[in-house]
Amino acid sequence: MRLPTWEDLESVDEQLDVLEWPLDEALFVAGPPGSGKTVLAVRRAQMVAESEPDAVMLTYNRMLRRLMKLLSEQSRMAQADETPAFPGSIATVQSYVWRDYLERTRSKPPTSPDDPFAYIWSEMLHILEQGENAPNRSHLIVDEGQDLAEGFFEYASHYISETMSVFADDDQALANQRTTLEQIKRAANLPDPIILTQNHRNTPQIASLAEHFHAGRLPAAAVRRSFSGEVPRLVEHASLDTIAHRVSNSMQTQGGSIGVVVDQNETGKLLLHPLREQLPQHRVEFYTNSLRNEDQINVLEDGVTVLNKESVKGQEFDTVFILELHRFLPCTTDSEKRGMYMMCSRARDNLWLIAGPNGRLTKGASDALPGPKILEPVRW
């Protein structure tokens, strides 16, 4: 993945509309996977920071925070791009709000007894209303807003910045209780969203598979890339050793960036050793939230990154292997469909769906998949 140049972005009318939006006004952008939301968020942040160096970028998870930081630094190193790296804070919502609330109240944010990471936004807002609290940032840029609580946007507009730029797609929300575009607009006091309609990432073949799981309101994106490569492939039975061999073979023959998506972190841990053994000259990394090792992983470099569904959010790879497919199907809920839609759309050129290791598809799971013209069954 690379940060598109200004010329690349300006050549697309809908992306130019985002770039030309006044920097001192709130902005709301919605669009499907591959439409450029994250790169536009980074570019927006860079432009804002030239006059407002205290601006802050917030996002959903630590791997996406890492990606945004890398993209910002990448532009500084590009010879044809004199834009400075974003000088402000780039953080996850969880960590930034924790620090902000602690500084204001000298106490930790209240959380749900069932989930220590789920802030009780209504209680936080009520407490802050009792004191003298005001926004302390000139501009706030938020990516993947659909996965953030509605209460966060109320908190942000009251206490972080009155001027916000929010990028979102509620068709990719992972949680059962997603925050809709209407809720974001109302809570953050935003204008109507600019709707991005074009997919710049996926081949038409990959986009067709992703759209099979699309159950959202935004129309299917117009795919900009021409037909190339192979249709996505389905493998119903594969051992851990076979999967490691295939991923290694893909790295050695095709190169580029490879994302391996797992449901169980234990599966990723088991896969790490054989991959490193077979790819001693290549980058092979495994990320989980508990390891907190995102700052040691450069997803912009060629290599293999193993991570779970929640952490792959917002990422992009040349080739994607989705393992443990039997755990993601048959998609009986809208959130499960959005999860498959999001995972499939991470791939630029090649996509493998694998019901393994240690799993096989039920009839219901098989019935949830498209036919061979969109997803070709193969045997290893």
# chains A, B, ... in the order shown; residues from 1 in each chain; ligands from 1

$ select_by_dssp --residues "stretch 154-220 of chain A" --states "helix (DSSP H, G or I)" --output "ChimeraX atom specification"
/A:154-159,170-172,181-188,204-212

$ write_last_selection --atoms "N, CA, C and O atoms" --output "short mmCIF file (atom, residue, chain, number, x, y, z; two decimals), in the first residue's frame"
data_model
loop_
_atom_site.label_atom_id
_atom_site.label_comp_id
_atom_site.auth_asym_id
_atom_site.auth_seq_id
_atom_site.Cartn_x
_atom_site.Cartn_y
_atom_site.Cartn_z
N GLU A 154 -20.38 12.64 20.75
CA GLU A 154 -20.85 13.71 21.62
C GLU A 154 -19.70 14.23 22.48
O GLU A 154 -19.51 15.44 22.62
N TYR A 155 -18.93 13.30 23.04
CA TYR A 155 -17.76 13.67 23.86
C TYR A 155 -16.79 14.48 23.02
O TYR A 155 -16.29 15.54 23.45
N ALA A 156 -16.50 13.99 21.81
CA ALA A 156 -15.49 14.64 20.96
C ALA A 156 -15.91 16.05 20.57
O ALA A 156 -15.09 16.98 20.60
N SER A 157 -17.17 16.24 20.18
CA SER A 157 -17.61 17.55 19.72
C SER A 157 -17.71 18.56 20.87
O SER A 157 -17.57 19.77 20.65
N HIS A 158 -17.92 18.07 22.08
CA HIS A 158 -18.02 18.97 23.24
C HIS A 158 -16.66 19.26 23.87
O HIS A 158 -16.42 20.37 24.37
N TYR A 159 -15.74 18.23 23.87
CA TYR A 159 -14.56 18.35 24.71
C TYR A 159 -13.22 18.15 23.99
O TYR A 159 -12.17 18.38 24.59
N ASP A 170 -20.78 2.60 7.51
CA ASP A 170 -21.47 1.71 8.43
C ASP A 170 -21.76 0.35 7.83
O ASP A 170 -22.20 -0.57 8.53
N ASP A 171 -21.48 0.16 6.54
CA ASP A 171 -21.59 -1.17 5.94
C ASP A 171 -20.43 -2.07 6.33
O ASP A 171 -20.44 -3.27 6.04
N GLN A 172 -19.40 -1.51 6.97
CA GLN A 172 -18.26 -2.31 7.41
C GLN A 172 -18.18 -2.43 8.94
O GLN A 172 -17.19 -2.94 9.46
N LEU A 181 -24.53 6.33 10.01
CA LEU A 181 -24.12 7.63 9.51
C LEU A 181 -25.00 8.73 10.09
O LEU A 181 -24.52 9.83 10.42
N GLU A 182 -26.29 8.44 10.22
CA GLU A 182 -27.21 9.44 10.78
C GLU A 182 -26.86 9.76 12.24
O GLU A 182 -26.90 10.92 12.67
N GLN A 183 -26.52 8.73 13.01
CA GLN A 183 -26.15 8.94 14.40
C GLN A 183 -24.86 9.73 14.53
O GLN A 183 -24.72 10.61 15.38
N ILE A 184 -23.89 9.42 13.67
CA ILE A 184 -22.62 10.15 13.70
C ILE A 184 -22.86 11.62 13.36
O ILE A 184 -22.36 12.52 14.04
N LYS A 185 -23.62 11.85 12.30
CA LYS A 185 -23.89 13.23 11.88
C LYS A 185 -24.54 14.03 13.00
O LYS A 185 -24.13 15.17 13.29
N ARG A 186 -25.53 13.44 13.65
CA ARG A 186 -26.26 14.15 14.70
C ARG A 186 -25.37 14.39 15.93
O ARG A 186 -25.30 15.51 16.45
N ALA A 187 -24.68 13.35 16.37
CA ALA A 187 -23.89 13.47 17.60
C ALA A 187 -22.70 14.40 17.44
O ALA A 187 -22.32 15.09 18.39
N ALA A 188 -22.10 14.43 16.25
CA ALA A 188 -20.90 15.25 16.03
C ALA A 188 -21.23 16.58 15.37
O ALA A 188 -20.31 17.36 15.09
N PRO A 204 -11.94 -6.47 -10.17
CA PRO A 204 -13.37 -6.74 -10.29
C PRO A 204 -13.76 -8.11 -9.72
O PRO A 204 -14.85 -8.27 -9.16
N GLN A 205 -12.86 -9.10 -9.86
CA GLN A 205 -13.16 -10.44 -9.35
C GLN A 205 -13.29 -10.44 -7.83
O GLN A 205 -14.20 -11.04 -7.25
N ILE A 206 -12.37 -9.77 -7.16
CA ILE A 206 -12.42 -9.70 -5.70
C ILE A 206 -13.60 -8.86 -5.25
O ILE A 206 -14.30 -9.21 -4.28
N ALA A 207 -13.85 -7.77 -5.94
CA ALA A 207 -14.99 -6.92 -5.59
C ALA A 207 -16.31 -7.69 -5.70
O ALA A 207 -17.21 -7.51 -4.87
N SER A 208 -16.42 -8.57 -6.69
CA SER A 208 -17.65 -9.36 -6.85
C SER A 208 -17.88 -10.27 -5.66
O SER A 208 -19.01 -10.44 -5.19
N LEU A 209 -16.80 -10.89 -5.16
CA LEU A 209 -16.93 -11.75 -3.99
C LEU A 209 -17.31 -10.92 -2.75
O LEU A 209 -18.20 -11.30 -1.98
N ALA A 210 -16.65 -9.79 -2.55
CA ALA A 210 -16.97 -8.95 -1.40
C ALA A 210 -18.43 -8.50 -1.46
O ALA A 210 -19.15 -8.54 -0.45
N GLU A 211 -18.89 -8.11 -2.63
CA GLU A 211 -20.26 -7.63 -2.78
C GLU A 211 -21.29 -8.73 -2.51
O GLU A 211 -22.44 -8.43 -2.17
N HIS A 212 -20.89 -9.99 -2.64
CA HIS A 212 -21.80 -11.09 -2.31
C HIS A 212 -22.25 -11.00 -0.86
O HIS A 212 -23.37 -11.43 -0.53
#

$ closest_residue --among "A:Ala55, A:Ile120, A:Ala149, A:Ile195" --to "A:Asn136" --atoms "only C-alpha atoms"
A:Ala55

$ residues_around --residues "stretch 27-30 of chain A" --least-positions-apart "2" --cutoff "6 Å" --atoms "only C-alpha atoms" --output "ChimeraX atom specification"
/A:165-169,193-195

$ write_last_selection --atoms "N, CA and C atoms" --output "CSV table (one decimal), in the first residue's frame"
chain,number,residue,atom,x,y,z
A,165,SER,N,-13.5,16.2,11.3
A,165,SER,CA,-13.5,15.5,9.9
A,165,SER,C,-13.7,14.1,10.2
A,166,VAL,N,-14.8,13.5,9.8
A,166,VAL,CA,-15.1,12.1,10.1
A,166,VAL,C,-15.2,11.3,8.8
A,167,PHE,N,-14.5,10.1,8.8
A,167,PHE,CA,-14.6,9.2,7.7
A,167,PHE,C,-15.2,7.9,8.2
A,168,ALA,N,-16.2,7.4,7.5
A,168,ALA,CA,-16.9,6.2,8.0
A,168,ALA,C,-17.6,5.4,6.9
A,169,ASP,N,-18.0,4.2,7.2
A,169,ASP,CA,-18.8,3.3,6.3
A,169,ASP,C,-19.5,2.3,7.2
A,193,PRO,N,-22.9,13.9,4.5
A,193,PRO,CA,-21.6,13.3,4.1
A,193,PRO,C,-21.4,13.4,2.6
A,194,ILE,N,-20.2,13.6,2.2
A,194,ILE,CA,-19.7,13.4,0.8
A,194,ILE,C,-19.7,11.9,0.6
A,195,ILE,N,-20.4,11.3,-0.4
A,195,ILE,CA,-20.4,9.9,-0.6
A,195,ILE,C,-19.4,9.5,-1.7

$ residues_around --residues "A:Met164" --least-positions-apart "2" --cutoff "6 Å" --atoms "only C-alpha atoms" --output "NGL selection string"
:A and (26 or 139-141)

$ residues_around --residues "A:Arg360" --least-positions-apart "4" --cutoff "8 Å" --atoms "only C-alpha atoms" --output "list in words"
Glu236, His237, His326, Ala355 and Gly356 of chain A

$ residues_around --residues "stretch 58-69 of chain A" --least-positions-apart "4" --cutoff "10 Å" --atoms "only C-alpha atoms" --output "JSON, numbers by chain"
{"A": [1, 3, 38, 39, 41, 42, 73, 74, 85, 86, 87, 89, 90, 91, 92, 93, 94, 95, 96, 97, 140, 141, 142, 143, 144, 145, 146, 147, 148, 166, 167, 287, 288, 289, 292, 293, 294, 295, 296, 297, 298, 299, 300, 307, 310, 311, 312, 313, 314, 315, 316]}

$ residues_around --residues "A:Leu240" --least-positions-apart "5" --cutoff "9 Å" --atoms "only C-alpha atoms" --output "PyMOL selection string"
chain A and resi 245+267+270-271+274+356-358

$ atom_distance --atom1 "atom CA of A:Leu351" --atom2 "atom CA of A:Thr203"
10.2 Å

$ select_by_dssp --residues "stretch 72-304 of chain A" --states "strand (DSSP E or B)" --output "count of residues only"
39

$ atom_distance --atom1 "atom CA of A:Arg348" --atom2 "atom CA of A:His200"
9.1 Å

$ atom_distance --atom1 "atom CA of A:Val320" --atom2 "atom CA of A:Glu10"
28.9 Å

$ decode --residues "stretch 189-200 of chain A" --atoms "N, CA and C atoms" --output "PDB file, in the first residue's frame"
ATOM      1  N   ASN A 189     -22.520  16.820  15.085  1.00  0.00           N
ATOM      2  CA  ASN A 189     -22.939  18.076  14.453  1.00  0.00           C
ATOM      3  C   ASN A 189     -22.225  18.287  13.123  1.00  0.00           C
ATOM      4  N   LEU A 190     -22.333  17.295  12.254  1.00  0.00           N
ATOM      5  CA  LEU A 190     -21.630  17.305  10.971  1.00  0.00           C
ATOM      6  C   LEU A 190     -22.580  17.662   9.829  1.00  0.00           C
ATOM      7  N   PRO A 191     -22.043  18.111   8.700  1.00  0.00           N
ATOM      8  CA  PRO A 191     -22.870  18.308   7.505  1.00  0.00           C
ATOM      9  C   PRO A 191     -23.212  16.960   6.877  1.00  0.00           C
ATOM     10  N   ASP A 192     -24.034  16.993   5.846  1.00  0.00           N
ATOM     11  CA  ASP A 192     -24.320  15.765   5.104  1.00  0.00           C
ATOM     12  C   ASP A 192     -23.018  15.196   4.552  1.00  0.00           C
ATOM     13  N   PRO A 193     -22.906  13.873   4.507  1.00  0.00           N
ATOM     14  CA  PRO A 193     -21.637  13.299   4.050  1.00  0.00           C
ATOM     15  C   PRO A 193     -21.409  13.436   2.553  1.00  0.00           C
ATOM     16  N   ILE A 194     -20.152  13.590   2.193  1.00  0.00           N
ATOM     17  CA  ILE A 194     -19.736  13.381   0.805  1.00  0.00           C
ATOM     18  C   ILE A 194     -19.661  11.874   0.610  1.00  0.00           C
ATOM     19  N   ILE A 195     -20.357  11.344  -0.380  1.00  0.00           N
ATOM     20  CA  ILE A 195     -20.391   9.903  -0.605  1.00  0.00           C
ATOM     21  C   ILE A 195     -19.392   9.533  -1.697  1.00  0.00           C
ATOM     22  N   LEU A 196     -18.382   8.744  -1.325  1.00  0.00           N
ATOM     23  CA  LEU A 196     -17.434   8.214  -2.305  1.00  0.00           C
ATOM     24  C   LEU A 196     -18.052   6.975  -2.944  1.00  0.00           C
ATOM     25  N   THR A 197     -17.903   6.842  -4.241  1.00  0.00           N
ATOM     26  CA  THR A 197     -18.617   5.781  -4.959  1.00  0.00           C
ATOM     27  C   THR A 197     -17.712   4.840  -5.730  1.00  0.00           C
ATOM     28  N   GLN A 198     -16.388   5.072  -5.691  1.00  0.00           N
ATOM     29  CA  GLN A 198     -15.495   4.283  -6.539  1.00  0.00           C
ATOM     30  C   GLN A 198     -14.525   3.449  -5.721  1.00  0.00           C
ATOM     31  N   ASN A 199     -14.287   2.244  -6.199  1.00  0.00           N
ATOM     32  CA  ASN A 199     -13.369   1.298  -5.562  1.00  0.00           C
ATOM     33  C   ASN A 199     -12.058   1.306  -6.342  1.00  0.00           C
ATOM     34  N   HIS A 200     -10.988   1.787  -5.699  1.00  0.00           N
ATOM     35  CA  HIS A 200      -9.679   1.882  -6.341  1.00  0.00           C
ATOM     36  C   HIS A 200      -8.763   0.719  -5.964  1.00  0.00           C
TER      37      HIS A 200
END
